[in-house]
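Structure file entry-v7.cif (mmCIF, C-alpha atoms) follows.
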```cif
data_entry
#
loop_
_atom_site.label_atom_id
_atom_site.label_comp_id
_atom_site.auth_asym_id
_atom_site.auth_seq_id
_atom_site.Cartn_x
_atom_site.Cartn_y
_atom_site.Cartn_z
CA MET A 1 -6.33 -16.57 -18.52
CA LYS A 2 -8.17 -15.41 -15.49
CA ASN A 3 -6.38 -12.54 -13.82
CA SER A 4 -5.56 -12.94 -10.17
CA ILE A 5 -4.95 -9.94 -7.92
CA SER A 6 -4.95 -10.77 -4.26
CA LEU A 7 -3.18 -9.92 -1.07
CA LEU A 8 -2.94 -12.40 1.77
CA LEU A 9 -1.87 -10.78 4.99
CA LEU A 10 -1.33 -13.17 7.84
CA LEU A 11 0.04 -11.23 10.76
CA GLY A 12 1.15 -13.20 13.74
CA ILE A 13 3.75 -13.20 16.37
CA LEU A 14 5.56 -16.45 15.70
CA GLY A 15 8.48 -17.10 17.92
CA SER A 16 8.45 -13.46 19.02
CA LYS A 17 10.57 -12.12 21.81
CA PHE A 18 8.92 -9.11 23.42
CA ILE A 19 10.17 -7.29 26.48
CA LEU A 20 8.33 -4.67 28.50
CA GLY A 21 5.23 -4.88 26.31
CA GLN A 22 7.00 -4.07 23.06
CA GLY A 23 5.25 -5.02 19.84
CA THR A 24 3.51 -4.05 16.61
CA ASN A 25 0.47 -1.78 16.90
CA ASN A 26 -0.46 -1.58 13.22
CA PHE A 27 0.93 -3.30 10.15
CA ILE A 28 -0.12 -2.82 6.52
CA ILE A 29 1.13 -3.61 3.03
CA GLU A 30 0.55 -1.11 0.23
CA PRO A 31 -0.93 -1.21 -2.31
CA GLU A 32 -3.77 -3.30 -0.95
CA ASN A 33 -3.73 -5.61 -3.98
CA PRO A 34 -0.16 -5.56 -5.36
CA THR A 35 0.54 -6.64 -8.93
CA SER A 36 3.76 -7.13 -10.88
CA ASN A 37 3.59 -3.45 -11.90
CA ASP A 38 3.36 -2.06 -8.34
CA SER A 39 6.11 -0.90 -6.04
CA VAL A 40 5.34 -2.64 -2.73
CA VAL A 41 5.92 -1.01 0.66
CA ILE A 42 5.35 -2.26 4.21
CA ILE A 43 4.34 0.19 6.93
CA SER A 44 4.90 -0.89 10.53
CA ASP A 45 3.79 1.04 13.60
CA PHE A 46 6.04 -0.39 16.30
CA SER A 47 6.12 0.42 20.04
CA TYR A 48 9.33 -0.17 21.97
CA TYR A 49 11.25 0.91 25.05
CA GLY A 50 14.41 2.75 24.11
CA ASN A 51 15.92 6.04 22.92
CA CYS A 52 13.07 7.79 21.08
CA SER A 53 15.21 10.62 19.67
CA PHE A 54 17.26 8.22 17.55
CA GLY A 55 14.47 5.79 16.69
CA LEU A 56 15.20 3.60 13.69
CA VAL A 57 18.93 3.84 12.86
CA ASN A 58 19.38 1.11 10.26
CA THR A 59 17.38 -1.28 8.07
CA GLN A 60 18.64 -4.22 6.04
CA ILE A 61 16.36 -5.82 3.41
CA THR A 62 17.32 -9.02 1.60
CA ILE A 63 15.18 -10.73 -1.05
CA LEU A 64 16.12 -14.31 -1.96
CA ASP A 65 13.62 -15.93 -4.32
CA SER A 66 10.34 -16.04 -2.37
CA LEU A 67 11.89 -15.19 1.03
CA ILE A 68 12.07 -11.55 2.13
CA ASN A 69 13.97 -10.68 5.32
CA ILE A 70 13.72 -7.19 6.85
CA SER A 71 15.95 -6.28 9.82
CA PRO A 72 15.19 -2.85 11.35
CA GLN A 73 17.48 -1.69 14.17
CA LEU A 74 16.42 0.61 17.01
CA CYS A 75 18.44 2.36 19.73
CA GLY A 76 18.37 2.27 23.51
CA PHE A 77 18.14 -1.36 24.59
CA GLY A 78 17.22 -1.46 28.28
CA ASP A 79 15.83 2.10 28.40
CA SER A 80 12.48 2.63 30.13
CA THR A 81 11.01 5.29 27.81
CA LEU A 82 8.08 4.09 25.69
CA CYS A 83 8.58 5.07 22.03
CA SER A 84 6.62 4.61 18.80
CA SER A 85 8.28 4.27 15.41
CA ILE A 86 6.22 4.36 12.18
CA ASP A 87 8.56 2.86 9.58
CA THR A 88 8.21 2.30 5.84
CA PHE A 89 10.12 -0.55 4.22
CA SER A 90 10.27 -0.45 0.41
CA LEU A 91 10.37 -3.81 -1.38
CA GLY A 92 10.16 -2.37 -4.88
CA ILE A 93 8.49 -4.17 -7.78
CA LEU A 94 8.13 -7.92 -7.14
CA PRO A 95 7.52 -10.67 -9.72
CA VAL A 96 4.24 -12.58 -9.65
CA GLY A 97 4.27 -15.18 -6.90
CA ASN A 98 3.85 -16.01 -3.23
CA TYR A 99 6.28 -14.55 -0.70
CA THR A 100 7.16 -15.15 2.92
CA ILE A 101 8.19 -11.98 4.77
CA ASN A 102 9.99 -11.92 8.10
CA ILE A 103 10.52 -8.63 9.92
CA GLU A 104 12.99 -9.03 12.77
CA TYR A 105 13.34 -5.97 14.98
CA HIS A 106 16.77 -5.53 16.59
CA GLN A 107 17.84 -3.12 19.30
CA GLY A 108 21.25 -1.89 20.41
CA SER A 109 22.44 -0.25 23.61
CA VAL A 110 24.63 2.46 22.05
CA CYS A 111 23.19 5.20 19.80
CA PRO A 112 23.35 5.93 16.98
CA ILE A 113 25.74 3.04 16.27
CA SER A 114 24.86 -0.08 18.17
CA GLY A 115 27.43 -1.67 20.44
CA PHE A 116 25.00 -4.39 21.55
CA ASP A 117 22.41 -6.08 19.38
CA THR A 118 19.48 -8.24 20.43
CA ILE A 119 16.24 -9.40 18.77
CA ILE A 120 13.18 -7.83 20.41
CA ALA A 121 10.41 -8.91 18.01
CA SER A 122 9.79 -11.13 14.99
CA ILE A 123 6.80 -10.79 12.66
CA ASP A 124 5.96 -13.36 9.96
CA THR A 125 3.72 -12.34 7.04
CA SER A 126 2.53 -13.84 3.75
CA LEU A 127 2.27 -11.82 0.53
CA GLU A 128 0.86 -12.76 -2.87
CA VAL A 129 1.64 -10.63 -5.92
CA GLY A 130 -0.78 -11.11 -8.82
CA VAL A 131 -0.62 -10.37 -12.52
CA THR A 132 -1.54 -6.95 -13.88
CA THR A 133 -5.20 -6.34 -14.68
CA THR A 134 -5.90 -4.30 -17.80
CA TYR A 135 -9.07 -2.23 -17.77
CA SER A 136 -10.28 1.18 -18.79
CA THR A 137 -11.42 3.59 -16.12
CA THR A 138 -11.43 7.30 -15.38
CA SER A 139 -9.88 8.08 -12.03
CA ILE A 140 -11.10 11.03 -9.99
CA GLU A 141 -8.51 10.50 -7.26
CA PRO A 142 -6.51 13.63 -8.24
CA SER A 143 -9.68 15.61 -7.51
CA ILE A 144 -9.43 14.79 -3.78
CA ASN A 145 -7.07 16.61 -1.44
CA ILE A 146 -6.57 15.61 2.22
CA TYR A 147 -4.61 17.67 4.75
CA PRO A 148 -2.82 17.70 7.10
CA ASN A 149 -1.36 14.21 6.82
CA PRO A 150 0.11 13.27 9.29
CA THR A 151 -2.38 14.91 11.62
CA SER A 152 -2.66 15.39 15.37
CA GLY A 153 -6.39 16.17 15.32
CA ASN A 154 -8.75 17.03 12.46
CA ILE A 155 -8.29 16.36 8.77
CA THR A 156 -9.86 18.40 5.97
CA ILE A 157 -11.02 16.81 2.74
CA ASN A 158 -11.34 18.95 -0.39
CA PHE A 159 -13.39 17.63 -3.30
CA LEU A 160 -12.14 19.71 -6.21
CA ALA A 161 -13.97 18.18 -9.16
CA GLU A 162 -17.52 19.06 -10.05
CA GLU A 163 -20.56 16.90 -9.49
CA ILE A 164 -18.96 14.21 -7.34
CA TYR A 165 -21.51 12.69 -5.00
CA TRP A 166 -20.02 10.40 -2.36
CA ALA A 167 -22.19 8.16 -0.25
CA ASP A 168 -19.87 7.62 2.69
CA ILE A 169 -16.53 8.32 4.33
CA ILE A 170 -15.29 5.49 6.55
CA ILE A 171 -12.25 5.34 8.84
CA ARG A 172 -10.90 1.88 9.65
CA ASP A 173 -7.89 0.60 11.50
CA VAL A 174 -5.47 -1.69 9.65
CA LEU A 175 -7.37 -4.73 10.93
CA GLY A 176 -10.45 -3.52 9.05
CA ARG A 177 -12.52 -2.46 12.06
CA VAL A 178 -14.79 0.52 11.37
CA LEU A 179 -14.04 3.40 13.76
CA SER A 180 -16.01 6.20 12.11
CA ALA A 181 -18.55 6.51 9.30
CA GLN A 182 -20.56 9.38 7.88
CA ILE A 183 -22.67 10.06 4.79
CA ILE A 184 -21.98 13.22 2.81
CA LYS A 185 -22.86 14.83 -0.49
CA THR A 186 -20.72 17.29 -2.38
CA LYS A 187 -21.72 20.17 -4.59
CA SER A 188 -20.07 21.28 -7.80
CA GLY A 189 -16.78 23.11 -7.33
CA ILE A 190 -14.68 23.08 -4.16
CA ASN A 191 -16.40 21.34 -1.27
CA ARG A 192 -14.75 20.86 2.13
CA HIS A 193 -15.47 18.39 4.89
CA THR A 194 -13.73 18.18 8.26
CA ILE A 195 -13.33 14.88 10.10
CA SER A 196 -12.13 14.66 13.69
CA MET A 197 -9.46 12.08 14.57
CA SER A 198 -8.71 13.62 17.97
CA THR A 199 -10.08 10.63 19.90
CA LEU A 200 -7.98 8.09 18.00
CA ARG A 201 -4.60 6.94 19.28
CA PRO A 202 -1.46 7.68 17.23
CA ALA A 203 -1.36 5.03 14.51
CA ILE A 204 -2.00 4.41 10.82
CA TYR A 205 -5.62 4.48 9.63
CA ILE A 206 -7.36 3.73 6.35
CA LEU A 207 -9.79 6.34 5.01
CA THR A 208 -12.25 5.08 2.37
CA PHE A 209 -14.46 7.21 0.14
CA GLY A 210 -17.16 5.20 -1.57
CA ASN A 211 -20.39 5.25 -3.54
CA ASN A 212 -22.16 2.75 -5.77
CA GLN A 213 -19.68 3.31 -8.61
CA GLN A 214 -16.19 3.88 -7.23
CA LYS A 215 -14.04 3.55 -4.12
CA ILE A 216 -10.86 5.40 -3.22
CA THR A 217 -8.65 4.47 -0.27
CA LYS A 218 -6.17 6.79 1.49
CA ARG A 219 -3.72 6.15 4.31
CA ILE A 220 -3.84 8.66 7.19
CA THR A 221 -1.21 8.86 9.95
CA LYS A 222 -2.33 10.11 13.37
CA ILE A 223 0.57 11.49 15.42
#
```

Please express the file's structure as structure tokens.
Amino acid sequence: MKNSISLLLLLGILGSKFILGQGTNNFIIEPENPTSNDSVVIISDFSYYGNCSFGLVNTQITILDSLINISPQLCGFGDSTLCSSIDTFSLGILPVGNYTINIEYHQGSVCPISGFDTIIASIDTSLEVGVTTTYSTTSIEPSINIYPNPTSGNITINFLAEEIYWADIIIRDVLGRVLSAQIIKTKSGINRHTISMSTLRPAIYILTFGNNQQKITKRITKI
């Protein structure tokens, strides 16, 4: 049987209700190609007007067959302060199949317990979980160390293993657009490289290390 590992991410604002320019900045599902052995998480970078100090106060997740409903609740409905909340929603291990995910952001007027609740955004997404692929490979991912993460400026990459020669380091946003790319070569032993993210806005970014043999992907949060 031919193995199928694929992720279909269709991000749209269907029937959304946004006020004061609220909405999703970045949205990703990890791992990139989930299988029936993976624990799936959704990371949402959401901008809203409200009480930033409380941020996300409650999340309800319900999974009914192929329908997944996520209801995050924020504080400060009607406030004029622009806030950003980077939230992780854990779906756990899902059986093989196609899923419809709806994330419905709610906001209340009283913090931390809401006395008024209204829907401020609705995001609809498709997810396909494939069967597990069995293959033999030697991973060098533990030989790479990235810090600080989250970062407010530069990140440092340590290549700890010997004789690893990487062709490129690429930074993309969650829509896949290339924001930065550079070619490097490492030497045996510890080898450090510094990459500036100071010009990028606070959000989630995807850092890819690649050569003609392997590719490793890391998630970097800019604060």

Where does the PyMOL selection byres ((chain A and resi 104) around 6) land in this file, that is, which residues does it pick, as a ChimeraX atom specification? /A:71,103,105,121-122

Residue subset to file, keeping C-alpha atoms, as a PDB file, in the frame of the given file:
```
ATOM      1  CA  SER A  71      15.950  -6.280   9.820  1.00  0.00           C
ATOM      2  CA  ILE A 103      10.520  -8.630   9.920  1.00  0.00           C
ATOM      3  CA  TYR A 105      13.340  -5.970  14.980  1.00  0.00           C
ATOM      4  CA  ALA A 121      10.410  -8.910  18.010  1.00  0.00           C
ATOM      5  CA  SER A 122       9.790 -11.130  14.990  1.00  0.00           C
TER       6      SER A 122
END
```

I need the output of the PyMOL selection byres ((chain A and resi 194) around 12) for this file as a list in words; which residues are they?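 Here the PyMOL selection byres ((chain A and resi 194) around 12) matches Asn145, Ile146, Tyr147, Pro148, Gly153, Asn154, Ile155, Thr156, Ile157, Asn158, Phe159, Ile169, Gln182, Ile184, Asn191, Arg192, His193, Ile195, Ser196, Met197 and Ser198 of chain A.
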
Option closest in space to Ile43 in chain A, from A:Ile216, A:Ile170, A:Ile28, A:Leu67 [counting only C-alpha atoms]: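 When distances to Ile43 in chain A are compared using only C-alpha atoms, the smallest one comes from A:Ile28.
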
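Note that CA of Ile68 in chain A and CA of Pro202 in chain A are 27.9 Å apart.
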
So how many Å separate CA of Ser36 in chain A and CA of Leu127 in chain A, to one decimal?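 Atom-to-atom, CA of Ser36 in chain A to CA of Leu127 in chain A, that is 12.4 Å.
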
Given only C-alpha atoms as the basis, pick out the residue of A:Leu207, A:Ile101, A:Cys111, A:Ala181 nearest to Ile220 in chain A. A:Leu207

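Counting from CA of Asp38 in chain A, the distance to CA of Glu128 in chain A is 12.3 Å.
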